[in-house]
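Accompanying notes for the structure given below.
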Amino acid sequence: MSVLKITSFQAYLFWENVDKNLQNLALRLSAIREKTDLIVLPEMFNTSFTMNAALYAEEMEGKTMQWMHDQARRFDCVVSGSIAIKEDGNFFNRFVWMRADGTFNFYDKRHLFSPGKEDEIYSPGEEKLIVELNGWKIRPAICYDLRFPVWLRNLNGEYDLLLLVANWPEKRSAHWRTLITARAIENQAFVVGVNRVGHDGNEVYHSGDSMCIDPNGNTVYYKPGDEDLYTFSISLDEVTKVRRALPFLADADPFTLL
(Lines give C-alpha, C1' and ligand atoms only; values in the text may rest on other atoms or scores of the structure.)
Protein backbone atom coordinates (compact mmCIF):
# COMPACT_ATOMS: atom_id res chain seq x y z
CA MET A 1 0.00 0.00 0.00
CA SER A 2 1.48 3.35 -1.08
CA VAL A 3 0.19 6.06 1.23
CA LEU A 4 0.72 9.76 0.60
CA LYS A 5 0.47 12.19 3.50
CA ILE A 6 -0.53 15.67 2.37
CA THR A 7 -0.63 18.91 4.36
CA SER A 8 -3.02 21.43 2.84
CA PHE A 9 -2.74 25.04 3.97
CA GLN A 10 -5.83 27.07 3.18
CA ALA A 11 -4.18 30.39 3.99
CA TYR A 12 -5.17 33.99 4.39
CA LEU A 13 -2.92 35.96 2.03
CA PHE A 14 -1.73 39.55 2.48
CA TRP A 15 -2.19 41.57 -0.70
CA GLU A 16 1.08 42.14 -2.60
CA ASN A 17 3.19 41.75 0.55
CA VAL A 18 5.80 39.09 -0.11
CA ASP A 19 7.72 39.42 3.15
CA LYS A 20 4.62 39.36 5.33
CA ASN A 21 3.18 36.36 3.51
CA LEU A 22 6.40 34.35 3.74
CA GLN A 23 6.81 35.19 7.42
CA ASN A 24 3.20 34.33 8.22
CA LEU A 25 3.25 31.10 6.22
CA ALA A 26 6.45 29.93 7.92
CA LEU A 27 4.97 30.72 11.33
CA ARG A 28 1.70 28.94 10.60
CA LEU A 29 3.48 25.90 9.19
CA SER A 30 5.18 25.54 12.58
CA ALA A 31 1.94 23.93 13.77
CA ILE A 32 2.71 20.81 11.71
CA ARG A 33 3.33 18.08 14.28
CA GLU A 34 3.58 14.94 12.16
CA LYS A 35 5.77 13.86 9.28
CA THR A 36 4.25 14.85 5.97
CA ASP A 37 5.23 14.07 2.39
CA LEU A 38 3.82 17.15 0.70
CA ILE A 39 2.83 20.68 1.71
CA VAL A 40 0.44 22.45 -0.67
CA LEU A 41 0.01 26.24 -0.64
CA PRO A 42 -2.48 28.30 -2.68
CA GLU A 43 -1.98 30.01 -6.02
CA MET A 44 0.36 33.03 -5.81
CA PHE A 45 0.82 32.35 -2.11
CA ASN A 46 3.45 35.06 -1.72
CA THR A 47 1.46 37.96 -3.25
CA SER A 48 -2.16 36.89 -3.71
CA PHE A 49 -3.57 36.99 -7.27
CA THR A 50 -1.81 40.13 -8.48
CA MET A 51 -1.70 41.53 -11.98
CA ASN A 52 1.14 43.85 -10.93
CA ALA A 53 3.69 41.36 -12.22
CA ALA A 54 6.18 44.07 -13.18
CA LEU A 55 6.47 44.96 -9.49
CA TYR A 56 6.09 41.61 -7.77
CA ALA A 57 7.21 38.81 -10.10
CA GLU A 58 10.51 37.27 -9.03
CA GLU A 59 13.40 35.56 -10.76
CA MET A 60 13.78 31.81 -10.29
CA GLU A 61 16.71 32.58 -7.98
CA GLY A 62 14.58 34.95 -5.91
CA LYS A 63 13.60 35.01 -2.25
CA THR A 64 10.42 32.94 -2.61
CA MET A 65 12.18 30.06 -4.31
CA GLN A 66 14.80 30.14 -1.54
CA TRP A 67 12.00 30.23 1.05
CA MET A 68 10.39 27.17 -0.53
CA HIS A 69 13.70 25.32 -0.37
CA ASP A 70 14.14 26.34 3.27
CA GLN A 71 10.68 25.01 4.16
CA ALA A 72 11.20 21.81 2.19
CA ARG A 73 14.41 21.16 4.13
CA ARG A 74 12.76 22.15 7.39
CA PHE A 75 9.99 19.57 7.02
CA ASP A 76 11.94 17.10 4.85
CA CYS A 77 9.16 17.03 2.27
CA VAL A 78 8.03 18.55 -1.01
CA VAL A 79 6.63 22.10 -0.81
CA SER A 80 4.37 23.25 -3.63
CA GLY A 81 2.34 26.25 -4.73
CA SER A 82 2.36 28.91 -7.45
CA ILE A 83 4.19 32.23 -7.66
CA ALA A 84 4.59 35.01 -10.24
CA ILE A 85 7.86 34.54 -12.12
CA LYS A 86 9.67 36.76 -14.63
CA GLU A 87 11.80 35.01 -17.22
CA ASP A 88 13.18 36.04 -20.61
CA GLY A 89 11.04 39.17 -20.69
CA ASN A 90 7.81 37.30 -19.89
CA PHE A 91 5.74 36.73 -16.76
CA PHE A 92 4.39 33.32 -15.74
CA ASN A 93 1.99 32.09 -13.08
CA ARG A 94 4.26 29.20 -12.17
CA PHE A 95 3.55 26.16 -10.00
CA VAL A 96 6.74 25.03 -8.25
CA TRP A 97 7.39 21.53 -6.93
CA MET A 98 10.31 22.03 -4.52
CA ARG A 99 12.13 19.06 -2.97
CA ALA A 100 14.16 19.06 0.24
CA ASP A 101 17.41 18.67 -1.71
CA GLY A 102 16.73 21.87 -3.65
CA THR A 103 15.82 20.22 -6.94
CA PHE A 104 12.49 21.28 -8.41
CA ASN A 105 10.07 21.02 -11.30
CA PHE A 106 7.61 23.62 -12.47
CA TYR A 107 4.42 24.00 -14.47
CA ASP A 108 3.28 27.28 -16.04
CA LYS A 109 -0.46 27.90 -15.91
CA ARG A 110 -1.92 27.15 -19.31
CA HIS A 111 -5.39 28.68 -18.99
CA LEU A 112 -5.09 32.32 -17.97
CA PHE A 113 -8.14 33.96 -16.41
CA SER A 114 -9.18 36.37 -19.16
CA PRO A 115 -12.08 37.97 -17.16
CA GLY A 116 -9.40 39.17 -14.73
CA LYS A 117 -7.02 40.18 -17.57
CA GLU A 118 -4.47 37.58 -16.50
CA ASP A 119 -3.94 36.76 -20.17
CA GLU A 120 -2.86 40.36 -20.81
CA ILE A 121 -0.09 40.18 -18.20
CA TYR A 122 1.12 36.59 -18.05
CA SER A 123 2.21 34.16 -20.75
CA PRO A 124 0.53 30.74 -20.96
CA GLY A 125 2.35 27.49 -20.37
CA GLU A 126 2.59 24.97 -23.17
CA GLU A 127 3.47 21.74 -21.39
CA LYS A 128 1.86 19.65 -18.67
CA LEU A 129 3.89 18.26 -15.80
CA ILE A 130 3.70 14.91 -14.04
CA VAL A 131 5.91 14.35 -11.00
CA GLU A 132 6.38 11.27 -8.83
CA LEU A 133 6.31 10.95 -5.06
CA ASN A 134 6.05 7.78 -2.97
CA GLY A 135 4.97 5.78 -6.00
CA TRP A 136 2.30 8.34 -6.94
CA LYS A 137 2.11 10.13 -10.27
CA ILE A 138 0.92 13.67 -9.65
CA ARG A 139 -0.37 16.24 -12.14
CA PRO A 140 -0.27 19.90 -11.02
CA ALA A 141 -2.79 22.48 -12.28
CA ILE A 142 -3.66 26.05 -11.37
CA CYS A 143 -7.10 27.54 -10.66
CA TYR A 144 -8.77 28.35 -14.03
CA ASP A 145 -7.31 25.13 -15.50
CA LEU A 146 -10.05 23.34 -13.56
CA ARG A 147 -12.65 24.45 -16.11
CA PHE A 148 -10.93 22.69 -19.02
CA PRO A 149 -11.36 18.91 -18.84
CA VAL A 150 -9.61 18.22 -22.14
CA TRP A 151 -6.37 19.72 -20.78
CA LEU A 152 -6.71 17.69 -17.58
CA ARG A 153 -7.82 14.43 -19.22
CA ASN A 154 -6.09 11.45 -17.62
CA LEU A 155 -4.88 9.75 -20.79
CA ASN A 156 -4.03 6.09 -20.20
CA GLY A 157 -4.14 6.65 -16.44
CA GLU A 158 -0.96 8.73 -16.55
CA TYR A 159 -1.62 10.32 -13.16
CA ASP A 160 -3.10 9.21 -9.83
CA LEU A 161 -3.54 12.62 -8.22
CA LEU A 162 -4.59 15.94 -9.72
CA LEU A 163 -3.20 18.73 -7.53
CA LEU A 164 -4.89 22.09 -7.96
CA VAL A 165 -3.87 25.38 -6.31
CA ALA A 166 -6.15 28.38 -6.56
CA ASN A 167 -7.40 31.86 -5.71
CA TRP A 168 -11.03 30.91 -6.45
CA PRO A 169 -13.69 33.46 -5.38
CA GLU A 170 -16.57 32.55 -3.08
CA LYS A 171 -19.20 33.74 -5.58
CA ARG A 172 -18.28 30.80 -7.83
CA SER A 173 -17.64 28.28 -5.07
CA ALA A 174 -20.45 26.02 -6.34
CA HIS A 175 -18.54 25.69 -9.62
CA TRP A 176 -15.33 24.86 -7.73
CA ARG A 177 -16.95 22.10 -5.68
CA THR A 178 -18.77 20.58 -8.64
CA LEU A 179 -15.84 20.68 -11.07
CA ILE A 180 -13.37 19.16 -8.61
CA THR A 181 -15.72 16.24 -8.02
CA ALA A 182 -16.28 15.83 -11.76
CA ARG A 183 -12.53 15.80 -12.47
CA ALA A 184 -12.02 13.10 -9.83
CA ILE A 185 -14.76 10.83 -11.18
CA GLU A 186 -14.01 11.22 -14.88
CA ASN A 187 -10.26 10.77 -14.42
CA GLN A 188 -10.46 8.04 -11.76
CA ALA A 189 -7.95 9.92 -9.66
CA PHE A 190 -7.80 11.75 -6.36
CA VAL A 191 -8.17 15.51 -6.71
CA VAL A 192 -6.79 17.87 -4.08
CA GLY A 193 -7.78 21.52 -4.42
CA VAL A 194 -6.13 24.11 -2.15
CA ASN A 195 -7.66 27.58 -2.16
CA ARG A 196 -7.12 30.75 -0.13
CA VAL A 197 -9.47 32.55 2.27
CA GLY A 198 -10.31 36.21 2.87
CA HIS A 199 -10.59 39.34 0.76
CA ASP A 200 -7.93 40.28 -1.74
CA GLY A 201 -6.83 43.78 -2.75
CA ASN A 202 -9.77 44.05 -5.14
CA GLU A 203 -12.24 43.24 -2.33
CA VAL A 204 -12.97 39.82 -3.85
CA TYR A 205 -13.86 37.36 -1.10
CA HIS A 206 -12.51 33.80 -1.07
CA SER A 207 -14.24 31.18 1.07
CA GLY A 208 -11.58 28.51 0.79
CA ASP A 209 -13.53 25.29 0.25
CA SER A 210 -10.25 23.39 -0.03
CA MET A 211 -10.94 19.71 -0.48
CA CYS A 212 -9.78 16.24 -1.35
CA ILE A 213 -12.09 14.06 -3.43
CA ASP A 214 -11.41 10.37 -4.05
CA PRO A 215 -11.78 8.59 -7.43
CA ASN A 216 -15.36 7.59 -6.57
CA GLY A 217 -16.35 11.19 -5.88
CA ASN A 218 -16.34 10.82 -2.09
CA THR A 219 -15.08 13.61 0.15
CA VAL A 220 -11.90 12.92 2.10
CA TYR A 221 -11.44 16.50 3.31
CA TYR A 222 -13.44 19.71 2.94
CA LYS A 223 -13.04 23.03 4.73
CA PRO A 224 -15.05 26.18 3.97
CA GLY A 225 -14.65 29.62 5.47
CA ASP A 226 -11.61 29.64 7.71
CA GLU A 227 -7.85 29.45 7.44
CA ASP A 228 -6.95 25.79 7.88
CA LEU A 229 -3.78 23.74 8.12
CA TYR A 230 -4.72 20.08 7.80
CA THR A 231 -2.80 16.86 7.22
CA PHE A 232 -4.49 13.79 5.77
CA SER A 233 -3.48 10.54 4.08
CA ILE A 234 -4.62 8.96 0.83
CA SER A 235 -3.93 5.45 -0.45
CA LEU A 236 -2.91 4.44 -3.95
CA ASP A 237 -4.85 1.21 -3.40
CA GLU A 238 -8.08 3.22 -3.75
CA VAL A 239 -7.07 4.32 -7.24
CA THR A 240 -6.22 0.75 -8.25
CA LYS A 241 -9.51 -0.64 -6.92
CA VAL A 242 -11.64 1.91 -8.76
CA ARG A 243 -9.84 1.41 -12.06
CA ARG A 244 -10.10 -2.37 -11.81
CA ALA A 245 -13.81 -2.25 -10.98
CA LEU A 246 -14.65 0.26 -13.72
CA PRO A 247 -11.88 0.26 -16.36
CA PHE A 248 -13.42 3.00 -18.47
CA LEU A 249 -10.24 5.03 -18.96
CA ALA A 250 -9.29 2.44 -21.58
CA ASP A 251 -12.43 3.34 -23.56
CA ALA A 252 -11.72 7.07 -23.70
CA ASP A 253 -11.62 8.81 -27.08
CA PRO A 254 -8.06 9.22 -28.37
CA PHE A 255 -7.04 12.77 -29.27
CA THR A 256 -4.07 15.06 -29.58
CA LEU A 257 -4.19 18.47 -27.94
CA LEU A 258 -2.53 21.06 -30.19
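Residues are referred to by chain and number: the chain letter is A, B, ... according to the order shown in the C-alpha coordinates, the number counts from 1 in that chain, and ligands are numbered separately from 1 in the order shown.
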- Message: Can you pull out every residue from region 166-241 of chain A that DSSP, working from the backbone, puts in alpha helix (DSSP H), and format the result as number ranges by chain?
- Response: A: 173-187, 236-241
- Task: Find the residues around region 163-165 of chain A up to 6 Å (only C-alpha atoms counted), leave out those fewer than 2 positions away in its own chain, and share them as a list in words.
- Result: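 Residues near the query, excluding close chain neighbours: Pro42, Glu43, Arg139, Pro140, Ala141, Ile142, Cys143, Val191, Val192, Gly193 and Val194 of chain A.
Atom to atom, CA of Phe92 (chain A) and CA of Glu170 (chain A) stand 24.5 Å apart.
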- Å distance separating CA of Met44 (chain A) from CA of Ser82 (chain A), one decimal place: 4.9 Å
- Output as a PyMOL selection string all residues of region 23-239 of chain A that backbone DSSP marks as strand (DSSP E or B). chain A and resi 38-40+58+78-87+90-98+104-108+131-133+136-142+161-165+190-194+197-199+205-213+219-224+228-235
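Our summary of the geometry notes that CA of Ile185 (chain A) is positioned 23.4 Å from CA of Pro169 (chain A).
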- For Met60 (chain A), which residue out of A:Asn216, A:Asn105, A:Ser2, A:Thr7 is the nearest one, using only C-alpha atoms?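 With only C-alpha atoms as the atom set, the closest residue is A:Asn105.
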- Point out the residue among A:Ala31, A:Leu41, A:Ile85, A:Leu55 with the least atom-to-atom distance to Gly208 (chain A), counting only C-alpha atoms.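 Answer, going by the shortest atom-to-atom distance: A:Leu41.
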- Residue among A:Glu58, A:Asp209, A:Glu34, A:Asp70 lying closest to Val18 (chain A), counting only C-alpha atoms: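 Closest residue, counting only C-alpha atoms: A:Glu58.
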- Message: If we count only C-alpha atoms and set the cut-off at 12 Å, which residues sit around Leu246 (chain A), ignoring sequence neighbours fewer than 4 positions away in its own chain? Please answer as a list in words.
- Response: Ile185, Glu186, Asn187, Gln188, Pro215, Asn216, Val239, Thr240, Lys241, Val242, Ala250 and Asp251 of chain A
Go ahead and write the residues just picked, N, CA, C and O atoms, as a JSON list (two decimals), in the first residue's frame.
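Below you can see part31.json, which holds the result:
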```json
[["chain", "number", "residue", "atom", "x", "y", "z"],
["A", 185, "ILE", "N", -14.00, 11.97, -10.67],
["A", 185, "ILE", "CA", -14.76, 10.83, -11.18],
["A", 185, "ILE", "C", -14.35, 10.49, -12.61],
["A", 185, "ILE", "O", -14.09, 9.33, -12.94],
["A", 186, "GLU", "N", -14.28, 11.49, -13.47],
["A", 186, "GLU", "CA", -14.01, 11.22, -14.88],
["A", 186, "GLU", "C", -12.58, 10.75, -15.13],
["A", 186, "GLU", "O", -12.31, 10.02, -16.09],
["A", 187, "ASN", "N", -11.65, 11.14, -14.25],
["A", 187, "ASN", "CA", -10.26, 10.77, -14.42],
["A", 187, "ASN", "C", -9.82, 9.63, -13.51],
["A", 187, "ASN", "O", -8.66, 9.23, -13.55],
["A", 188, "GLN", "N", -10.75, 9.14, -12.69],
["A", 188, "GLN", "CA", -10.46, 8.04, -11.76],
["A", 188, "GLN", "C", -9.16, 8.31, -11.00],
["A", 188, "GLN", "O", -8.25, 7.49, -10.95],
["A", 215, "PRO", "N", -11.38, 8.93, -6.06],
["A", 215, "PRO", "CA", -11.78, 8.59, -7.43],
["A", 215, "PRO", "C", -13.24, 8.18, -7.61],
["A", 215, "PRO", "O", -13.74, 8.15, -8.73],
["A", 216, "ASN", "N", -13.93, 7.90, -6.52],
["A", 216, "ASN", "CA", -15.36, 7.59, -6.57],
["A", 216, "ASN", "C", -16.22, 8.82, -6.34],
["A", 216, "ASN", "O", -17.45, 8.72, -6.34],
["A", 239, "VAL", "N", -7.11, 4.07, -5.80],
["A", 239, "VAL", "CA", -7.07, 4.32, -7.24],
["A", 239, "VAL", "C", -7.10, 3.01, -8.01],
["A", 239, "VAL", "O", -7.87, 2.84, -8.97],
["A", 240, "THR", "N", -6.29, 2.06, -7.58],
["A", 240, "THR", "CA", -6.22, 0.75, -8.25],
["A", 240, "THR", "C", -7.55, 0.03, -8.21],
["A", 240, "THR", "O", -8.00, -0.53, -9.22],
["A", 241, "LYS", "N", -8.21, 0.05, -7.07],
["A", 241, "LYS", "CA", -9.51, -0.64, -6.92],
["A", 241, "LYS", "C", -10.56, -0.06, -7.85],
["A", 241, "LYS", "O", -11.31, -0.80, -8.50],
["A", 242, "VAL", "N", -10.63, 1.26, -7.91],
["A", 242, "VAL", "CA", -11.64, 1.91, -8.76],
["A", 242, "VAL", "C", -11.39, 1.59, -10.23],
["A", 242, "VAL", "O", -12.31, 1.28, -10.98],
["A", 250, "ALA", "N", -9.75, 3.12, -20.37],
["A", 250, "ALA", "CA", -9.29, 2.44, -21.58],
["A", 250, "ALA", "C", -10.21, 2.69, -22.77],
["A", 250, "ALA", "O", -9.82, 2.51, -23.93],
["A", 251, "ASP", "N", -11.46, 3.11, -22.49],
["A", 251, "ASP", "CA", -12.43, 3.34, -23.56],
["A", 251, "ASP", "C", -12.53, 4.81, -23.96],
["A", 251, "ASP", "O", -13.39, 5.18, -24.76]]
```
